[in-house]
>>> print(open('model.cif').read())   # mmCIF, N, CA and C atoms and all ligand atoms
data_model
#
loop_
_atom_site.group_PDB
_atom_site.id
_atom_site.type_symbol
_atom_site.label_atom_id
_atom_site.label_comp_id
_atom_site.auth_asym_id
_atom_site.auth_seq_id
_atom_site.Cartn_x
_atom_site.Cartn_y
_atom_site.Cartn_z
ATOM 1 N N MET A 162 -10.740 16.071 15.163
ATOM 2 C CA MET A 162 -9.845 14.919 15.035
ATOM 3 C C MET A 162 -9.540 14.689 13.552
ATOM 4 N N ALA A 163 -8.276 14.357 13.279
ATOM 5 C CA ALA A 163 -7.867 14.129 11.887
ATOM 6 C C ALA A 163 -8.587 12.894 11.331
ATOM 7 N N GLN A 164 -8.997 13.027 10.071
ATOM 8 C CA GLN A 164 -9.693 11.925 9.409
ATOM 9 C C GLN A 164 -8.703 11.067 8.613
ATOM 10 N N LYS A 165 -8.966 9.753 8.617
ATOM 11 C CA LYS A 165 -8.128 8.834 7.823
ATOM 12 C C LYS A 165 -8.168 9.247 6.356
ATOM 13 N N LEU A 166 -7.045 9.121 5.669
ATOM 14 C CA LEU A 166 -7.006 9.417 4.235
ATOM 15 C C LEU A 166 -7.815 8.361 3.476
ATOM 16 N N THR A 167 -8.522 8.834 2.431
ATOM 17 C CA THR A 167 -9.233 7.880 1.569
ATOM 18 C C THR A 167 -8.176 7.091 0.787
ATOM 19 N N PRO A 168 -8.540 5.931 0.245
ATOM 20 C CA PRO A 168 -7.555 5.154 -0.538
ATOM 21 C C PRO A 168 -6.888 5.970 -1.649
ATOM 22 N N ASP A 169 -7.680 6.782 -2.349
ATOM 23 C CA ASP A 169 -7.092 7.605 -3.425
ATOM 24 C C ASP A 169 -6.129 8.640 -2.861
ATOM 25 N N ALA A 170 -6.535 9.287 -1.776
ATOM 26 C CA ALA A 170 -5.671 10.316 -1.168
ATOM 27 C C ALA A 170 -4.407 9.659 -0.615
ATOM 28 N N ARG A 171 -4.562 8.464 -0.081
ATOM 29 C CA ARG A 171 -3.411 7.751 0.484
ATOM 30 C C ARG A 171 -2.427 7.410 -0.631
ATOM 31 N N ARG A 172 -2.957 6.943 -1.743
ATOM 32 C CA ARG A 172 -2.092 6.575 -2.891
ATOM 33 C C ARG A 172 -1.353 7.811 -3.388
ATOM 34 N N ALA A 173 -2.068 8.921 -3.523
ATOM 35 C CA ALA A 173 -1.439 10.165 -4.002
ATOM 36 C C ALA A 173 -0.362 10.627 -3.033
ATOM 37 N N ALA A 174 -0.652 10.499 -1.749
ATOM 38 C CA ALA A 174 0.319 10.931 -0.732
ATOM 39 C C ALA A 174 1.599 10.108 -0.858
ATOM 40 N N LEU A 175 1.447 8.787 -0.981
ATOM 41 C CA LEU A 175 2.639 7.926 -1.064
ATOM 42 C C LEU A 175 3.421 8.191 -2.356
ATOM 43 N N GLU A 176 2.701 8.524 -3.427
ATOM 44 C CA GLU A 176 3.426 8.852 -4.672
ATOM 45 C C GLU A 176 4.256 10.116 -4.486
ATOM 46 N N SER A 177 3.776 11.014 -3.610
ATOM 47 C CA SER A 177 4.520 12.271 -3.387
ATOM 48 C C SER A 177 5.624 12.086 -2.345
ATOM 49 N N LEU A 178 5.697 10.889 -1.763
ATOM 50 C CA LEU A 178 6.709 10.596 -0.738
ATOM 51 C C LEU A 178 7.478 9.337 -1.146
ATOM 52 N N PRO A 179 8.254 9.429 -2.223
ATOM 53 C CA PRO A 179 8.884 8.240 -2.810
ATOM 54 C C PRO A 179 9.828 7.484 -1.880
ATOM 55 N N LYS A 180 10.340 8.135 -0.847
ATOM 56 C CA LYS A 180 11.268 7.426 0.049
ATOM 57 C C LYS A 180 10.545 6.659 1.160
ATOM 58 N N TRP A 181 9.241 6.812 1.204
ATOM 59 C CA TRP A 181 8.431 6.156 2.239
ATOM 60 C C TRP A 181 7.690 4.971 1.637
ATOM 61 N N HIS A 182 7.361 4.018 2.490
ATOM 62 C CA HIS A 182 6.602 2.852 2.007
ATOM 63 C C HIS A 182 5.556 2.464 3.044
ATOM 64 N N ASP A 183 4.602 1.661 2.600
ATOM 65 C CA ASP A 183 3.548 1.186 3.507
ATOM 66 C C ASP A 183 4.142 0.330 4.613
ATOM 67 N N ALA A 184 3.646 0.496 5.823
ATOM 68 C CA ALA A 184 4.043 -0.402 6.913
ATOM 69 C C ALA A 184 3.359 -1.750 6.700
ATOM 70 N N GLU A 185 3.954 -2.790 7.304
ATOM 71 C CA GLU A 185 3.409 -4.141 7.114
ATOM 72 C C GLU A 185 2.017 -4.283 7.727
ATOM 73 N N ALA A 186 1.986 -4.195 9.043
ATOM 74 C CA ALA A 186 0.763 -4.656 9.738
ATOM 75 C C ALA A 186 -0.139 -3.512 10.189
ATOM 76 N N ARG A 187 0.151 -2.291 9.711
ATOM 77 C CA ARG A 187 -0.657 -1.157 10.182
ATOM 78 C C ARG A 187 -0.931 -0.178 9.053
ATOM 79 N N ASP A 188 -1.963 0.601 9.226
ATOM 80 C CA ASP A 188 -2.232 1.686 8.270
ATOM 81 C C ASP A 188 -1.276 2.825 8.624
ATOM 82 N N ALA A 189 -0.044 2.700 8.115
ATOM 83 C CA ALA A 189 1.034 3.631 8.481
ATOM 84 C C ALA A 189 2.065 3.638 7.372
ATOM 85 N N ILE A 190 2.982 4.614 7.438
ATOM 86 C CA ILE A 190 4.079 4.665 6.462
ATOM 87 C C ILE A 190 5.394 4.641 7.226
ATOM 88 N N GLU A 191 6.412 4.132 6.560
ATOM 89 C CA GLU A 191 7.730 3.957 7.195
ATOM 90 C C GLU A 191 8.828 4.466 6.278
ATOM 91 N N ARG A 192 9.896 4.869 6.905
ATOM 92 C CA ARG A 192 11.106 5.220 6.164
ATOM 93 C C ARG A 192 12.314 5.012 7.050
ATOM 94 N N ARG A 193 13.437 4.554 6.443
ATOM 95 C CA ARG A 193 14.715 4.448 7.153
ATOM 96 C C ARG A 193 15.585 5.638 6.738
ATOM 97 N N PHE A 194 16.081 6.375 7.725
ATOM 98 C CA PHE A 194 17.040 7.458 7.500
ATOM 99 C C PHE A 194 18.406 6.971 7.978
ATOM 100 N N VAL A 195 19.453 7.192 7.137
ATOM 101 C CA VAL A 195 20.816 6.831 7.539
ATOM 102 C C VAL A 195 21.671 8.090 7.422
ATOM 103 N N PHE A 196 22.359 8.421 8.517
ATOM 104 C CA PHE A 196 23.141 9.659 8.565
ATOM 105 C C PHE A 196 24.636 9.344 8.620
ATOM 106 N N LYS A 197 25.434 10.407 8.683
ATOM 107 C CA LYS A 197 26.896 10.225 8.680
ATOM 108 C C LYS A 197 27.362 9.500 9.944
ATOM 109 N N ASP A 198 26.719 9.862 11.068
ATOM 110 C CA ASP A 198 27.120 9.272 12.358
ATOM 111 C C ASP A 198 25.991 9.486 13.363
ATOM 112 N N PHE A 199 26.239 9.069 14.579
ATOM 113 C CA PHE A 199 25.189 9.171 15.605
ATOM 114 C C PHE A 199 24.832 10.627 15.890
ATOM 115 N N ASN A 200 25.846 11.489 15.926
ATOM 116 C CA ASN A 200 25.558 12.902 16.218
ATOM 117 C C ASN A 200 24.551 13.493 15.239
ATOM 118 N N GLN A 201 24.773 13.177 13.931
ATOM 119 C CA GLN A 201 23.853 13.704 12.923
ATOM 120 C C GLN A 201 22.461 13.081 13.092
ATOM 121 N N ALA A 202 22.448 11.787 13.380
ATOM 122 C CA ALA A 202 21.154 11.105 13.562
ATOM 123 C C ALA A 202 20.396 11.734 14.713
ATOM 124 N N PHE A 203 21.091 11.979 15.802
ATOM 125 C CA PHE A 203 20.405 12.519 16.978
ATOM 126 C C PHE A 203 20.045 13.992 16.781
ATOM 127 N N ALA A 204 20.880 14.712 16.038
ATOM 128 C CA ALA A 204 20.544 16.108 15.725
ATOM 129 C C ALA A 204 19.258 16.166 14.904
ATOM 130 N N PHE A 205 19.144 15.232 13.973
ATOM 131 C CA PHE A 205 17.917 15.121 13.166
ATOM 132 C C PHE A 205 16.720 14.855 14.079
ATOM 133 N N MET A 206 16.881 13.916 15.004
ATOM 134 C CA MET A 206 15.771 13.567 15.901
ATOM 135 C C MET A 206 15.396 14.758 16.786
ATOM 136 N N THR A 207 16.402 15.500 17.207
ATOM 137 C CA THR A 207 16.128 16.673 18.037
ATOM 138 C C THR A 207 15.324 17.712 17.258
ATOM 139 N N ARG A 208 15.733 17.915 16.015
ATOM 140 C CA ARG A 208 15.035 18.906 15.165
ATOM 141 C C ARG A 208 13.590 18.454 14.913
ATOM 142 N N VAL A 209 13.420 17.189 14.636
ATOM 143 C CA VAL A 209 12.076 16.670 14.392
ATOM 144 C C VAL A 209 11.226 16.771 15.662
ATOM 145 N N ALA A 210 11.859 16.516 16.794
ATOM 146 C CA ALA A 210 11.105 16.544 18.063
ATOM 147 C C ALA A 210 10.467 17.915 18.283
ATOM 148 N N LEU A 211 11.195 18.968 17.917
ATOM 149 C CA LEU A 211 10.659 20.327 18.109
ATOM 150 C C LEU A 211 9.407 20.527 17.252
ATOM 151 N N VAL A 212 9.478 20.061 16.027
ATOM 152 C CA VAL A 212 8.324 20.220 15.124
ATOM 153 C C VAL A 212 7.177 19.322 15.566
ATOM 154 N N ALA A 213 7.518 18.134 16.014
ATOM 155 C CA ALA A 213 6.465 17.208 16.487
ATOM 156 C C ALA A 213 5.700 17.829 17.643
ATOM 157 N N GLU A 214 6.407 18.467 18.528
ATOM 158 C CA GLU A 214 5.745 19.139 19.650
ATOM 159 C C GLU A 214 4.862 20.282 19.141
ATOM 160 N N GLN A 215 5.397 21.057 18.197
ATOM 161 C CA GLN A 215 4.608 22.177 17.646
ATOM 162 C C GLN A 215 3.324 21.652 16.990
ATOM 163 N N MET A 216 3.453 20.511 16.302
ATOM 164 C CA MET A 216 2.308 19.939 15.587
ATOM 165 C C MET A 216 1.416 19.125 16.511
ATOM 166 N N ASP A 217 1.921 18.825 17.697
ATOM 167 C CA ASP A 217 1.264 17.840 18.573
ATOM 168 C C ASP A 217 1.014 16.545 17.810
ATOM 169 N N HIS A 218 2.036 16.118 17.065
ATOM 170 C CA HIS A 218 1.941 14.893 16.274
ATOM 171 C C HIS A 218 3.322 14.258 16.270
ATOM 172 N N HIS A 219 3.435 13.048 16.771
ATOM 173 C CA HIS A 219 4.745 12.492 17.091
ATOM 174 C C HIS A 219 5.057 11.197 16.328
ATOM 175 N N PRO A 220 6.300 11.069 15.892
ATOM 176 C CA PRO A 220 6.686 9.841 15.187
ATOM 177 C C PRO A 220 6.870 8.686 16.153
ATOM 178 N N GLU A 221 6.785 7.475 15.610
ATOM 179 C CA GLU A 221 7.217 6.275 16.325
ATOM 180 C C GLU A 221 8.546 5.928 15.673
ATOM 181 N N TRP A 222 9.613 5.973 16.444
ATOM 182 C CA TRP A 222 10.921 5.812 15.794
ATOM 183 C C TRP A 222 11.869 4.995 16.644
ATOM 184 N N PHE A 223 12.877 4.423 15.951
ATOM 185 C CA PHE A 223 13.858 3.540 16.581
ATOM 186 C C PHE A 223 15.223 3.938 16.051
ATOM 187 N N ASN A 224 16.121 4.286 16.944
ATOM 188 C CA ASN A 224 17.455 4.757 16.521
ATOM 189 C C ASN A 224 18.533 3.802 16.970
ATOM 190 N N VAL A 225 19.366 3.353 16.023
ATOM 191 C CA VAL A 225 20.571 2.605 16.351
ATOM 192 C C VAL A 225 21.718 3.330 15.673
ATOM 193 N N TYR A 226 22.603 3.905 16.460
ATOM 194 C CA TYR A 226 23.789 4.620 15.949
ATOM 195 C C TYR A 226 23.377 5.653 14.892
ATOM 196 N N LYS A 227 23.718 5.445 13.577
ATOM 197 C CA LYS A 227 23.444 6.494 12.572
ATOM 198 C C LYS A 227 22.145 6.258 11.803
ATOM 199 N N THR A 228 21.376 5.256 12.245
ATOM 200 C CA THR A 228 20.144 4.918 11.537
ATOM 201 C C THR A 228 18.928 5.279 12.387
ATOM 202 N N VAL A 229 17.936 5.878 11.732
ATOM 203 C CA VAL A 229 16.670 6.191 12.407
ATOM 204 C C VAL A 229 15.536 5.588 11.577
ATOM 205 N N ASP A 230 14.855 4.598 12.155
ATOM 206 C CA ASP A 230 13.697 3.999 11.482
ATOM 207 C C ASP A 230 12.449 4.691 12.004
ATOM 208 N N VAL A 231 11.623 5.190 11.095
ATOM 209 C CA VAL A 231 10.457 5.992 11.472
ATOM 210 C C VAL A 231 9.182 5.350 10.954
ATOM 211 N N LEU A 232 8.179 5.326 11.815
ATOM 212 C CA LEU A 232 6.836 4.930 11.403
ATOM 213 C C LEU A 232 5.885 6.078 11.743
ATOM 214 N N LEU A 233 5.047 6.458 10.787
ATOM 215 C CA LEU A 233 4.084 7.534 11.024
ATOM 216 C C LEU A 233 2.665 7.018 10.858
ATOM 217 N N SER A 234 1.856 7.266 11.838
ATOM 218 C CA SER A 234 0.432 6.950 11.800
ATOM 219 C C SER A 234 -0.244 7.852 12.819
ATOM 220 N N THR A 235 -1.541 8.024 12.695
ATOM 221 C CA THR A 235 -2.254 8.887 13.640
ATOM 222 C C THR A 235 -3.040 8.022 14.610
ATOM 223 N N HIS A 236 -2.607 8.022 15.848
ATOM 224 C CA HIS A 236 -3.209 7.132 16.850
ATOM 225 C C HIS A 236 -4.705 7.420 16.991
ATOM 226 N N ASP A 237 -5.040 8.736 17.022
ATOM 227 C CA ASP A 237 -6.454 9.093 17.233
ATOM 228 C C ASP A 237 -7.346 8.524 16.130
ATOM 229 N N ALA A 238 -6.791 8.447 14.916
ATOM 230 C CA ALA A 238 -7.598 7.980 13.771
ATOM 231 C C ALA A 238 -7.332 6.518 13.459
ATOM 232 N N ASP A 239 -6.369 5.945 14.206
ATOM 233 C CA ASP A 239 -5.957 4.545 13.974
ATOM 234 C C ASP A 239 -5.626 4.318 12.508
ATOM 235 N N GLY A 240 -4.912 5.259 11.924
ATOM 236 C CA GLY A 240 -4.528 5.122 10.513
ATOM 237 C C GLY A 240 -3.795 6.345 10.020
ATOM 238 N N LEU A 241 -3.596 6.394 8.705
ATOM 239 C CA LEU A 241 -2.811 7.470 8.094
ATOM 240 C C LEU A 241 -3.691 8.688 7.833
ATOM 241 N N THR A 242 -3.218 9.859 8.273
ATOM 242 C CA THR A 242 -3.943 11.110 8.027
ATOM 243 C C THR A 242 -2.996 12.126 7.401
ATOM 244 N N GLU A 243 -3.558 13.278 7.074
ATOM 245 C CA GLU A 243 -2.786 14.366 6.484
ATOM 246 C C GLU A 243 -1.656 14.800 7.424
ATOM 247 N N ARG A 244 -1.854 14.630 8.715
ATOM 248 C CA ARG A 244 -0.818 15.019 9.677
ATOM 249 C C ARG A 244 0.450 14.185 9.499
ATOM 250 N N ASP A 245 0.256 12.919 9.180
ATOM 251 C CA ASP A 245 1.410 12.049 8.948
ATOM 252 C C ASP A 245 2.156 12.474 7.690
ATOM 253 N N VAL A 246 1.400 12.815 6.657
ATOM 254 C CA VAL A 246 1.998 13.256 5.390
ATOM 255 C C VAL A 246 2.788 14.540 5.616
ATOM 256 N N THR A 247 2.204 15.453 6.355
ATOM 257 C CA THR A 247 2.892 16.727 6.638
ATOM 258 C C THR A 247 4.181 16.485 7.409
ATOM 259 N N LEU A 248 4.120 15.640 8.413
ATOM 260 C CA LEU A 248 5.334 15.376 9.199
ATOM 261 C C LEU A 248 6.378 14.647 8.363
ATOM 262 N N ALA A 249 5.952 13.740 7.501
ATOM 263 C CA ALA A 249 6.897 13.018 6.633
ATOM 264 C C ALA A 249 7.638 14.000 5.733
ATOM 265 N N ARG A 250 6.905 14.964 5.190
ATOM 266 C CA ARG A 250 7.531 15.962 4.307
ATOM 267 C C ARG A 250 8.556 16.788 5.074
ATOM 268 N N LYS A 251 8.204 17.152 6.285
ATOM 269 C CA LYS A 251 9.143 17.942 7.103
ATOM 270 C C LYS A 251 10.387 17.123 7.433
ATOM 271 N N MET A 252 10.199 15.833 7.727
ATOM 272 C CA MET A 252 11.350 14.979 8.050
ATOM 273 C C MET A 252 12.251 14.822 6.829
ATOM 274 N N ASP A 253 11.663 14.654 5.660
ATOM 275 C CA ASP A 253 12.468 14.546 4.432
ATOM 276 C C ASP A 253 13.289 15.812 4.237
ATOM 277 N N ALA A 254 12.672 16.963 4.485
ATOM 278 C CA ALA A 254 13.383 18.236 4.297
ATOM 279 C C ALA A 254 14.536 18.365 5.297
ATOM 280 N N PHE A 255 14.291 17.997 6.547
ATOM 281 C CA PHE A 255 15.366 18.084 7.551
ATOM 282 C C PHE A 255 16.514 17.148 7.174
ATOM 283 N N ALA A 256 16.172 15.925 6.768
ATOM 284 C CA ALA A 256 17.217 14.940 6.444
ATOM 285 C C ALA A 256 18.043 15.426 5.259
ATOM 286 N N ALA A 257 17.374 16.024 4.283
ATOM 287 C CA ALA A 257 18.091 16.528 3.100
ATOM 288 C C ALA A 257 19.057 17.638 3.507
ATOM 289 N N ALA A 258 18.648 18.434 4.481
ATOM 290 C CA ALA A 258 19.511 19.547 4.934
ATOM 291 C C ALA A 258 20.731 19.013 5.680
ATOM 292 N N PHE A 259 20.568 17.823 6.303
ATOM 293 C CA PHE A 259 21.694 17.251 7.049
ATOM 294 C C PHE A 259 22.704 16.605 6.115
ATOM 295 N N GLY A 260 22.251 16.266 4.891
ATOM 296 C CA GLY A 260 23.184 15.714 3.918
ATOM 297 C C GLY A 260 23.613 14.302 4.267
HETATM 298 N N1 LIG B 1 0.969 11.600 17.533
HETATM 299 N N2 LIG B 1 1.354 10.106 15.783
HETATM 300 C C1 LIG B 1 0.494 10.708 16.668
HETATM 301 N N3 LIG B 1 -0.805 10.406 16.608
HETATM 302 C C2 LIG B 1 -1.697 10.995 17.438
HETATM 303 O O1 LIG B 1 -2.888 10.701 17.397
HETATM 304 C C3 LIG B 1 -1.237 11.943 18.374
HETATM 305 C C4 LIG B 1 0.129 12.207 18.403
HETATM 306 N N4 LIG B 1 0.610 13.086 19.279
HETATM 307 C C5 LIG B 1 -0.219 13.727 20.279
HETATM 308 C C6 LIG B 1 -1.633 13.423 20.154
HETATM 309 N N5 LIG B 1 -2.114 12.577 19.245
HETATM 310 C C7 LIG B 1 -2.576 14.124 21.076
HETATM 311 O O2 LIG B 1 -3.288 15.100 20.375
HETATM 312 C C8 LIG B 1 -3.596 13.142 21.647
HETATM 313 O O3 LIG B 1 -2.863 12.128 22.260
HETATM 314 C C9 LIG B 1 -4.457 13.851 22.659
#
>>> encode(input="model.cif", output="structure tokens")
Amino acid sequence: MAQKLTPDARRAALESLPKWHDAEARDAIERRFVFKDFNQAFAFMTRVALVAEQMDHHPEWFNVYKTVDVLLSTHDADGLTERDVTLARKMDAFAAAFG
């Protein structure tokens, strides 16, 4: 089972993920993605879904039209783990590719 990040590791992770921020009421990180339109937003979600399945690690997300709000946390660890950081990096890369 993935272990919760230590405070130092968590701080370093967030510094390496400048577009993400701490969630309010949970040991989690959040980011808002805004795309050109709904098609791009959903294409992004589809691409992420494939990786989430491969990783067996899934985002908590909310989509309205061209916006996708994402929260990442590890349910098994009830907090932020390396798996969340890895998925966040992959999501940033996919979003950058979508332009
Ligand atoms: N996704 N974010 C997240 N956190 C988990 O703990 C998690 C998951 N996807 C699948 C998963 N765990 C399974 O490994 C467990 O539910 C068995």
>>> resolve_selection(input="model.cif", expression="the PyMOL selection byres (((chain A and resi 219) around 8) and not hetatm)", output="VMD selection string")
chain A and resid 209 to 210 212 to 214 216 to 218 220 to 222 232 to 236 244
>>> resolve_selection(input="model.cif", expression="the PyMOL selection byres (((chain A and resi 223 and name CA) around 12) and not hetatm and name CA)", output="PyMOL selection string")
chain A and resi 191-195+202-203+206+220-222+224-233
>>> closest_residue(input="model.cif", among="A:Ala238, A:Phe255, A:Val246, A:Ala174", to="ligand LIG 1 (chain B)", atoms="only N, CA and C atoms and all ligand atoms")
A:Ala238
>>> atom_distance(input="model.cif", atom1="atom N4 of ligand LIG 1 (chain B)", atom2="atom N of Asp245 (chain A)")
10.1 Å
>>> atom_distance(input="model.cif", atom1="atom N of Asp237 (chain A)", atom2="atom C6 of ligand LIG 1 (chain B)")
6.6 Å
>>> atom_distance(input="model.cif", atom1="atom N1 of ligand LIG 1 (chain B)", atom2="CA of Ala170 (chain A)")
19.9 Å
>>> residues_around(input="model.cif", residues="Thr167 (chain A)", least_positions_apart="5", cutoff="12 Å", atoms="only C-alpha atoms", output="list in words")
Arg172, Ala173, Ala174, Asp188, Gly240, Leu241, Thr242 and Glu243 of chain A
>>> write_last_selection(input="model.cif", atoms="N, CA and C atoms", output="PDB file, in the frame of the given file")
ATOM      1  N   ARG A 172      -2.957   6.943  -1.743  1.00  0.00           N
ATOM      2  CA  ARG A 172      -2.092   6.575  -2.891  1.00  0.00           C
ATOM      3  C   ARG A 172      -1.353   7.811  -3.388  1.00  0.00           C
ATOM      4  N   ALA A 173      -2.068   8.921  -3.523  1.00  0.00           N
ATOM      5  CA  ALA A 173      -1.439  10.165  -4.002  1.00  0.00           C
ATOM      6  C   ALA A 173      -0.362  10.627  -3.033  1.00  0.00           C
ATOM      7  N   ALA A 174      -0.652  10.499  -1.749  1.00  0.00           N
ATOM      8  CA  ALA A 174       0.319  10.931  -0.732  1.00  0.00           C
ATOM      9  C   ALA A 174       1.599  10.108  -0.858  1.00  0.00           C
ATOM     10  N   ASP A 188      -1.963   0.601   9.226  1.00  0.00           N
ATOM     11  CA  ASP A 188      -2.232   1.686   8.270  1.00  0.00           C
ATOM     12  C   ASP A 188      -1.276   2.825   8.624  1.00  0.00           C
ATOM     13  N   GLY A 240      -4.912   5.259  11.924  1.00  0.00           N
ATOM     14  CA  GLY A 240      -4.528   5.122  10.513  1.00  0.00           C
ATOM     15  C   GLY A 240      -3.795   6.345  10.020  1.00  0.00           C
ATOM     16  N   LEU A 241      -3.596   6.394   8.705  1.00  0.00           N
ATOM     17  CA  LEU A 241      -2.811   7.470   8.094  1.00  0.00           C
ATOM     18  C   LEU A 241      -3.691   8.688   7.833  1.00  0.00           C
ATOM     19  N   THR A 242      -3.218   9.859   8.273  1.00  0.00           N
ATOM     20  CA  THR A 242      -3.943  11.110   8.027  1.00  0.00           C
ATOM     21  C   THR A 242      -2.996  12.126   7.401  1.00  0.00           C
ATOM     22  N   GLU A 243      -3.558  13.278   7.074  1.00  0.00           N
ATOM     23  CA  GLU A 243      -2.786  14.366   6.484  1.00  0.00           C
ATOM     24  C   GLU A 243      -1.656  14.800   7.424  1.00  0.00           C
TER      25      GLU A 243
END
>>> decode(input="model.cif", residues="region 207-259 of chain A", atoms="C-alpha atoms", output="PDB file, in the first residue's frame")
ATOM      1  CA  THR A 207     -10.516   9.971 -21.832  1.00  0.00           C
ATOM      2  CA  ARG A 208      -6.728  10.006 -22.125  1.00  0.00           C
ATOM      3  CA  VAL A 209      -6.320  10.322 -18.371  1.00  0.00           C
ATOM      4  CA  ALA A 210      -8.826   7.528 -17.780  1.00  0.00           C
ATOM      5  CA  LEU A 211      -6.630   5.100 -19.726  1.00  0.00           C
ATOM      6  CA  VAL A 212      -3.599   5.936 -17.607  1.00  0.00           C
ATOM      7  CA  ALA A 213      -5.624   5.860 -14.401  1.00  0.00           C
ATOM      8  CA  GLU A 214      -6.707   2.337 -15.222  1.00  0.00           C
ATOM      9  CA  GLN A 215      -3.121   1.324 -16.028  1.00  0.00           C
ATOM     10  CA  MET A 216      -1.973   2.802 -12.706  1.00  0.00           C
ATOM     11  CA  ASP A 217      -5.016   1.553 -10.811  1.00  0.00           C
ATOM     12  CA  HIS A 218      -5.129   5.077  -9.400  1.00  0.00           C
ATOM     13  CA  HIS A 219      -8.058   7.325 -10.218  1.00  0.00           C
ATOM     14  CA  PRO A 220      -8.755  11.052 -10.013  1.00  0.00           C
ATOM     15  CA  GLU A 221     -11.760  12.629  -8.347  1.00  0.00           C
ATOM     16  CA  TRP A 222     -12.924  15.084 -10.962  1.00  0.00           C
ATOM     17  CA  PHE A 223     -15.806  17.342 -11.962  1.00  0.00           C
ATOM     18  CA  ASN A 224     -16.368  18.472 -15.544  1.00  0.00           C
ATOM     19  CA  VAL A 225     -18.523  21.371 -16.693  1.00  0.00           C
ATOM     20  CA  TYR A 226     -18.254  22.075 -20.435  1.00  0.00           C
ATOM     21  CA  LYS A 227     -14.546  23.016 -21.067  1.00  0.00           C
ATOM     22  CA  THR A 228     -13.456  22.952 -17.426  1.00  0.00           C
ATOM     23  CA  VAL A 229     -12.187  19.925 -15.509  1.00  0.00           C
ATOM     24  CA  ASP A 230     -11.634  20.307 -11.762  1.00  0.00           C
ATOM     25  CA  VAL A 231      -9.387  17.554 -10.405  1.00  0.00           C
ATOM     26  CA  LEU A 232      -8.633  16.407  -6.890  1.00  0.00           C
ATOM     27  CA  LEU A 233      -5.943  13.786  -6.266  1.00  0.00           C
ATOM     28  CA  SER A 234      -5.558  11.800  -3.074  1.00  0.00           C
ATOM     29  CA  THR A 235      -4.938   8.154  -2.251  1.00  0.00           C
ATOM     30  CA  HIS A 236      -7.994   6.605  -0.650  1.00  0.00           C
ATOM     31  CA  ASP A 237      -6.059   3.613   0.701  1.00  0.00           C
ATOM     32  CA  ALA A 238      -3.641   5.931   2.522  1.00  0.00           C
ATOM     33  CA  ASP A 239      -6.259   8.592   3.294  1.00  0.00           C
ATOM     34  CA  GLY A 240      -3.827  11.217   2.051  1.00  0.00           C
ATOM     35  CA  LEU A 241      -1.316  12.291  -0.567  1.00  0.00           C
ATOM     36  CA  THR A 242       1.131   9.677  -1.876  1.00  0.00           C
ATOM     37  CA  GLU A 243       3.674   9.381  -4.662  1.00  0.00           C
ATOM     38  CA  ARG A 244       0.916   7.913  -6.837  1.00  0.00           C
ATOM     39  CA  ASP A 245      -0.949  11.203  -6.747  1.00  0.00           C
ATOM     40  CA  VAL A 246       2.200  13.111  -7.700  1.00  0.00           C
ATOM     41  CA  THR A 247       2.841  10.749 -10.601  1.00  0.00           C
ATOM     42  CA  LEU A 248      -0.705  11.080 -11.890  1.00  0.00           C
ATOM     43  CA  ALA A 249      -0.607  14.880 -11.519  1.00  0.00           C
ATOM     44  CA  ARG A 250       2.543  15.011 -13.648  1.00  0.00           C
ATOM     45  CA  LYS A 251       0.939  12.860 -16.319  1.00  0.00           C
ATOM     46  CA  MET A 252      -2.185  15.049 -16.333  1.00  0.00           C
ATOM     47  CA  ASP A 253      -0.076  18.202 -16.705  1.00  0.00           C
ATOM     48  CA  ALA A 254       1.724  16.623 -19.661  1.00  0.00           C
ATOM     49  CA  PHE A 255      -1.527  15.586 -21.362  1.00  0.00           C
ATOM     50  CA  ALA A 256      -3.068  19.035 -20.843  1.00  0.00           C
ATOM     51  CA  ALA A 257       0.026  20.725 -22.267  1.00  0.00           C
ATOM     52  CA  ALA A 258      -0.212  18.505 -25.351  1.00  0.00           C
ATOM     53  CA  PHE A 259      -3.846  19.541 -25.831  1.00  0.00           C
TER      54      PHE A 259
END
